[in-house]
Every structure is written in structure tokens, then in C-alpha cells.
Amino acid sequence: MKIEQYRILEKSLINEFIDKLTSISKVSAPVYKGFNNYAFHEIKSADEVSLKYIPTIIPPKKYFLPIKETLLDFKKGNEFKVEPTVEYDNIVLFGVHTCDISGIKCLNMVLSDKPKDTGYLVRKKHITIIGLECNDYCDEYASCAFVGAHIPTTGYDLMFTELTDCFIIHIHSSKGMDIIEKTGIFKPADSNNIEELKALRNNKLRIFNNEIPTERRYLPDLFDRSFNASVWKELEQKCLSCGNCTAVCPTCYCFDIKEDVDLSLQSGERYRLWFSCQLDPFAKVAGGIDFRRERSARQRHRFYRKFRYHIDRYGMVFCTGCGRCSRTCMAKINLKEVLTSLIRESEAKIWRKWL
């Protein structure tokens, strides 16, 4: 840890910092919405912000990949005109948890790959991320230690970590340094602050345990053995195919494209909307053929997308351990329980071969 990359902020000044931040930029932060629900929402003052919160209903992915996004406008006049559209806004996201930062890193990987997603990459340049490290679990649904998303690494401009008497802030980009300089209320960190941060991270190794009874490196082998597991049929009996799990996932990026034409038939727009592999129309093709008709096949596809396919292509697990899918599932399908069931079934098959 290079001490010159760190600053400290007295806890009593956190509201002043947020208010200064709103004076220099549009800011979105976690806001309490009632019934233990939180959402990233544009704020005008520090009084609206919840520093202690469980993962928001929808991840901050929505600022990078909007739920609805206009791709182009077309107009018929003397000649037919088509104008590509890229929607973006300069904004600071304050208080982003490390699991959601991991989700944004996953999206960066996919949407920077060919064919590059121009709209996403443009928006990304105009968004500043200020992270807020979790020193303890959000709730019982989290599995961030299993996927390695509980410790901040990269993907942010500033990272706030709460210590005993202050916040210590890691400066990770020039945009982050600009905020430090413009707000003007930070102090240099000293060796005692760095040692306390190291002690906190060491303590987190005891607090955050591997929530699944295996190690992440064994996932490819597990899923290679589990394609025909009975677990998928068990999920079929529960799943309602509502799509909630994918709607709230920080790493899902599937979409549908639609076109609307006005009543004069002279103009219209093409736009894309979030879509879900858990919905029946998703895998239907010409001729009415549905190659994932069964709910078991759709659930299996979701888990393989998180824990197998992307390991081959990108070397990354595309689950962040945020727990949103389990928290929002109306059928009470729990990601940690499904993975544990897969492990138990796979182990039982191996033992039967030996006996």
C-alpha cells in the first residue's frame, strides 16, 4: 500500500463531503425506500443517503446499461434519415459496494469485446464510481467471499473504508483525485491509518467465510459433471419463470430490440430493453421452436452463465455474490442452496462409482 494514494476523512465530515459532491456534479447514491429496500437514486443532499444498506433492488448497472435505451431515430421526409443515438449523463455514483463494482467489471469485459457496445462504452467514460467497502455481511443471502468480491481491488475511482474514527480513502484514478482536490476536506493518511486498514482487511478474512462448501477453482469441474443433475428438475417444480432473478442481477446483459413508429408513419425510434433468459419467449426461434422450453433448462442456463461459460471465455465467474437473485425470488430459490445441492449430488455420484 502506497501511503500517498490514501486520504482520510473524519466521520463527522461525511455529510459535508456528500453535500460538496452534489454541488459539483450530479450524484446518485443508495436511498432508503421502505420495507428494508434501497435504490440508487439521484440525491440533492446528504440527508437522503443511506450508508448502511443491503444491496439495492436494482444494481447500479442501470446507469451503464439503461433498462430502456434508444439506439436510433428515423424520419421520413424528402429523404429517409436515420440518426444513431447515444444517451449518456455525467454522474457520480457514491457508495457502491464491492460486489456491484465486480458486476460492472464483468460488464466491462463483455461489452468491450467484439462487437463493442458503443453506447455502454460512452456512458462508462462519463460515470465516476465512489465505492464503499463492506466490513461485515449485508445479510444471510450474500456469498461475496466465495466469488472474491468482498475485498476491493480495481474498478473504482475512490474507495471509502470505515475505520474506527475516520474513513480512509483509496485514490485509484485521476477522476478520483479531482474530487479530492475540488472538495478540499481530506487529510493525508499516516502509517497508523494504513496499519488499521491492514488489520481490518485481516479481520475480514475471519468474518467473510467461503459460503459454499467448495472452492471457486473447482467450479468448472463441478458444472461439467452437473449438466444432467436432478437439481435442475427440482428447480423446475419451483421456478415461476418470472425473470426476477435476471432483472436484478448485476452481470446480466441480455436485451430485446423493438421499433416504434408514430401514427403518421413518418418517424419512429429503435430501442432496446432488458430481456431475460428465464422468460419463455427468449429462446423461441422461427417456426415456433423453443430450444429451452422447460423451466429446468432455463434455470440450468442461468447457472451455467454465471459459473461456467464465462470462465472459458473470460476467465471470470459472472456471479458477484450480492444475493439479489435469492432475495427477490418469489419461489424462494436460493443460489447458495442450489450450488450446495449440486456439490452434494456430484459427490454422491463419485462415491457410488468407487463403491
# chains A, B, ... in the order shown; residues from 1 in each chain; ligands from 1
call {"tool": "select_by_dssp", "arguments": {"residues": "segment 63-207 of chain A", "states": "helix (DSSP H, G or I)", "output": "PyMOL selection string"}}
result
chain A and resi 63-64+98-111+118-125+174-183+191-207
call {"tool": "residues_around", "arguments": {"residues": "Gly176 of chain A", "least_positions_apart": "3", "cutoff": "10 Å", "atoms": "only C-alpha atoms", "output": "list in words"}}
result
Thr128, Ile129, Ile130, Tyr156, Asp157, Leu158, Met159, Ile169, His170, Ile171, His172, Ser173, Ile179, Ile180 and Glu181 of chain A
call {"tool": "residues_around", "arguments": {"residues": "Lys204 of chain A", "least_positions_apart": "2", "cutoff": "10 Å", "atoms": "only C-alpha atoms", "output": "list of chain:residue names"}}
result
A:Cys134, A:Asn135, A:Asp136, A:Tyr137, A:Ala145, A:His150, A:Ile151, A:Lys198, A:Ala199, A:Leu200, A:Arg201, A:Asn202, A:Arg206, A:Ile207, A:Phe208, A:Asn209
call {"tool": "write_last_selection", "arguments": {"atoms": "N, CA and C atoms", "output": "short mmCIF file (atom, residue, chain, number, x, y, z; two decimals), in the first residue's frame"}}
result
data_model
loop_
_atom_site.label_atom_id
_atom_site.label_comp_id
_atom_site.auth_asym_id
_atom_site.auth_seq_id
_atom_site.Cartn_x
_atom_site.Cartn_y
_atom_site.Cartn_z
N CYS A 134 -17.68 -2.94 2.40
CA CYS A 134 -18.45 -3.60 3.46
C CYS A 134 -17.49 -4.23 4.46
N ASN A 135 -17.64 -3.91 5.73
CA ASN A 135 -16.80 -4.50 6.77
C ASN A 135 -17.45 -5.73 7.40
N ASP A 136 -18.69 -6.01 7.01
CA ASP A 136 -19.42 -7.19 7.50
C ASP A 136 -20.44 -7.57 6.44
N TYR A 137 -21.08 -8.72 6.62
CA TYR A 137 -22.08 -9.18 5.65
C TYR A 137 -23.29 -8.25 5.61
N ALA A 145 -17.70 -13.69 -0.53
CA ALA A 145 -16.38 -14.26 -0.28
C ALA A 145 -16.09 -15.41 -1.24
N HIS A 150 -15.56 -9.51 -1.97
CA HIS A 150 -15.72 -8.83 -0.68
C HIS A 150 -14.57 -7.88 -0.36
N ILE A 151 -13.48 -7.96 -1.13
CA ILE A 151 -12.33 -7.08 -0.93
C ILE A 151 -12.18 -6.20 -2.17
N LYS A 198 -4.97 -2.40 7.19
CA LYS A 198 -4.46 -3.76 7.04
C LYS A 198 -5.09 -4.70 8.08
N ALA A 199 -5.20 -4.21 9.32
CA ALA A 199 -5.81 -5.03 10.37
C ALA A 199 -7.27 -5.32 10.07
N LEU A 200 -7.98 -4.32 9.54
CA LEU A 200 -9.38 -4.51 9.18
C LEU A 200 -9.53 -5.57 8.10
N ARG A 201 -8.67 -5.52 7.08
CA ARG A 201 -8.74 -6.50 5.99
C ARG A 201 -8.41 -7.90 6.51
N ASN A 202 -7.45 -7.99 7.42
CA ASN A 202 -7.13 -9.30 8.01
C ASN A 202 -8.31 -9.84 8.81
N ARG A 206 -11.57 -13.39 8.58
CA ARG A 206 -12.24 -14.24 9.57
C ARG A 206 -13.76 -14.07 9.52
N ILE A 207 -14.20 -12.84 9.20
CA ILE A 207 -15.64 -12.57 9.16
C ILE A 207 -16.27 -13.19 7.91
N PHE A 208 -15.61 -12.99 6.76
CA PHE A 208 -16.15 -13.48 5.49
C PHE A 208 -15.59 -14.86 5.21
N ASN A 209 -16.42 -15.86 5.38
CA ASN A 209 -16.02 -17.24 5.13
C ASN A 209 -16.53 -17.70 3.77
#
call {"tool": "residues_around", "arguments": {"residues": "Arg225 of chain A", "least_positions_apart": "4", "cutoff": "10 Å", "atoms": "only C-alpha atoms", "output": "list in words"}}
result
Leu219, Pro220, Asp221, Ala229, Leu342, Ile343, Glu345, Ser346, Lys349 and Ile350 of chain A
call {"tool": "select_by_dssp", "arguments": {"residues": "segment 222-340 of chain A", "states": "strand (DSSP E)", "output": "list of chain:residue names"}}
result
A:Phe255, A:Asp256, A:Ile257, A:Lys258, A:Glu259, A:Asp260, A:Val261, A:Ser267, A:Gly268, A:Glu269, A:Arg270, A:Tyr271, A:Arg272, A:Leu273, A:Trp274, A:Lys284, A:Val285, A:Ile289, A:Asp290
call {"tool": "closest_residue", "arguments": {"among": "A:Thr98, A:Asn203, A:Ser264, A:Asn37", "to": "Gly148 of chain A", "atoms": "only C-alpha atoms"}}
result
A:Thr98
call {"tool": "decode", "arguments": {"residues": "segment 189-294 of chain A", "atoms": "C-alpha atoms", "output": "CSV table (one decimal), in the first residue's frame"}}
result
chain,number,residue,atom,x,y,z
A,189,ALA,CA,-3.2,9.3,5.6
A,190,ASP,CA,-0.4,8.3,8.0
A,191,SER,CA,1.1,5.0,8.8
A,192,ASN,CA,-1.3,4.4,11.7
A,193,ASN,CA,-4.2,4.7,9.3
A,194,ILE,CA,-2.6,2.2,6.9
A,195,GLU,CA,-1.9,-0.3,9.7
A,196,GLU,CA,-5.5,-0.1,10.8
A,197,LEU,CA,-6.7,-0.7,7.3
A,198,LYS,CA,-4.5,-3.8,7.0
A,199,ALA,CA,-5.8,-5.0,10.4
A,200,LEU,CA,-9.4,-4.5,9.2
A,201,ARG,CA,-8.7,-6.5,6.0
A,202,ASN,CA,-7.1,-9.3,8.0
A,203,ASN,CA,-10.2,-9.4,10.3
A,204,LYS,CA,-12.4,-9.6,7.2
A,205,LEU,CA,-10.7,-12.9,6.4
A,206,ARG,CA,-12.2,-14.2,9.6
A,207,ILE,CA,-15.6,-12.6,9.2
A,208,PHE,CA,-16.1,-13.5,5.5
A,209,ASN,CA,-16.0,-17.2,5.1
A,210,ASN,CA,-16.4,-19.3,2.0
A,211,GLU,CA,-20.2,-19.6,1.9
A,212,ILE,CA,-20.3,-22.6,-0.5
A,213,PRO,CA,-18.8,-26.0,0.5
A,214,THR,CA,-16.2,-25.9,-2.3
A,215,GLU,CA,-13.6,-23.6,-3.8
A,216,ARG,CA,-14.1,-21.4,-6.8
A,217,ARG,CA,-11.4,-23.2,-8.8
A,218,TYR,CA,-13.4,-26.4,-8.7
A,219,LEU,CA,-16.5,-24.8,-10.4
A,220,PRO,CA,-15.6,-25.8,-14.0
A,221,ASP,CA,-15.3,-29.5,-13.0
A,222,LEU,CA,-18.5,-29.3,-10.9
A,223,PHE,CA,-20.6,-27.9,-13.7
A,224,ASP,CA,-19.0,-30.2,-16.3
A,225,ARG,CA,-20.4,-33.1,-14.2
A,226,SER,CA,-23.8,-31.5,-13.4
A,227,PHE,CA,-25.5,-30.8,-16.8
A,228,ASN,CA,-27.9,-33.7,-16.2
A,229,ALA,CA,-28.2,-33.3,-12.4
A,230,SER,CA,-31.6,-33.9,-10.8
A,231,VAL,CA,-31.3,-30.5,-9.2
A,232,TRP,CA,-32.5,-28.8,-12.4
A,233,LYS,CA,-35.7,-30.8,-12.4
A,234,GLU,CA,-36.2,-29.9,-8.7
A,235,LEU,CA,-35.9,-26.2,-9.7
A,236,GLU,CA,-38.5,-26.7,-12.4
A,237,GLN,CA,-41.1,-27.6,-9.8
A,238,LYS,CA,-40.4,-24.3,-8.0
A,239,CYS,CA,-39.5,-21.7,-10.7
A,240,LEU,CA,-42.3,-19.4,-11.8
A,241,SER,CA,-40.3,-18.1,-14.8
A,242,CYS,CA,-41.0,-14.5,-13.6
A,243,GLY,CA,-37.5,-13.3,-14.5
A,244,ASN,CA,-36.9,-11.5,-11.2
A,245,CYS,CA,-33.5,-13.2,-10.7
A,246,THR,CA,-32.1,-11.9,-14.0
A,247,ALA,CA,-33.8,-8.5,-13.7
A,248,VAL,CA,-31.8,-7.7,-10.5
A,249,CYS,CA,-28.6,-9.4,-11.5
A,250,PRO,CA,-25.5,-7.1,-11.8
A,251,THR,CA,-24.0,-9.1,-14.6
A,252,CYS,CA,-27.0,-10.0,-16.9
A,253,TYR,CA,-26.9,-8.0,-20.1
A,254,CYS,CA,-29.4,-9.7,-22.5
A,255,PHE,CA,-31.8,-7.4,-24.3
A,256,ASP,CA,-34.5,-7.3,-26.9
A,257,ILE,CA,-34.7,-4.7,-29.7
A,258,LYS,CA,-38.0,-3.1,-30.6
A,259,GLU,CA,-39.2,-0.3,-33.0
A,260,ASP,CA,-42.0,2.2,-32.5
A,261,VAL,CA,-43.4,4.2,-35.4
A,262,ASP,CA,-45.7,7.2,-34.8
A,263,LEU,CA,-49.2,7.3,-36.1
A,264,SER,CA,-48.2,9.4,-39.2
A,265,LEU,CA,-45.8,6.7,-40.2
A,266,GLN,CA,-43.2,9.4,-40.8
A,267,SER,CA,-40.9,8.9,-37.9
A,268,GLY,CA,-40.0,6.5,-35.1
A,269,GLU,CA,-37.3,5.0,-33.0
A,270,ARG,CA,-35.4,1.8,-32.4
A,271,TYR,CA,-34.6,1.0,-28.8
A,272,ARG,CA,-33.5,-1.9,-26.7
A,273,LEU,CA,-34.9,-3.2,-23.4
A,274,TRP,CA,-33.6,-5.6,-20.8
A,275,PHE,CA,-34.7,-9.2,-21.5
A,276,SER,CA,-34.4,-12.4,-19.6
A,277,CYS,CA,-33.3,-16.0,-20.4
A,278,GLN,CA,-35.9,-17.1,-17.8
A,279,LEU,CA,-38.8,-15.9,-19.9
A,280,ASP,CA,-40.4,-18.4,-22.3
A,281,PRO,CA,-40.1,-16.2,-25.5
A,282,PHE,CA,-36.4,-15.7,-25.0
A,283,ALA,CA,-35.3,-19.0,-26.7
A,284,LYS,CA,-38.0,-19.2,-29.3
A,285,VAL,CA,-36.9,-19.1,-32.9
A,286,ALA,CA,-38.5,-19.1,-36.4
A,287,GLY,CA,-41.1,-21.9,-36.8
A,288,GLY,CA,-42.1,-21.7,-33.2
A,289,ILE,CA,-39.3,-23.9,-32.0
A,290,ASP,CA,-38.3,-23.3,-28.4
A,291,PHE,CA,-34.9,-24.8,-27.5
A,292,ARG,CA,-35.3,-24.1,-23.8
A,293,ARG,CA,-39.0,-24.8,-23.3
A,294,GLU,CA,-38.6,-26.4,-19.9
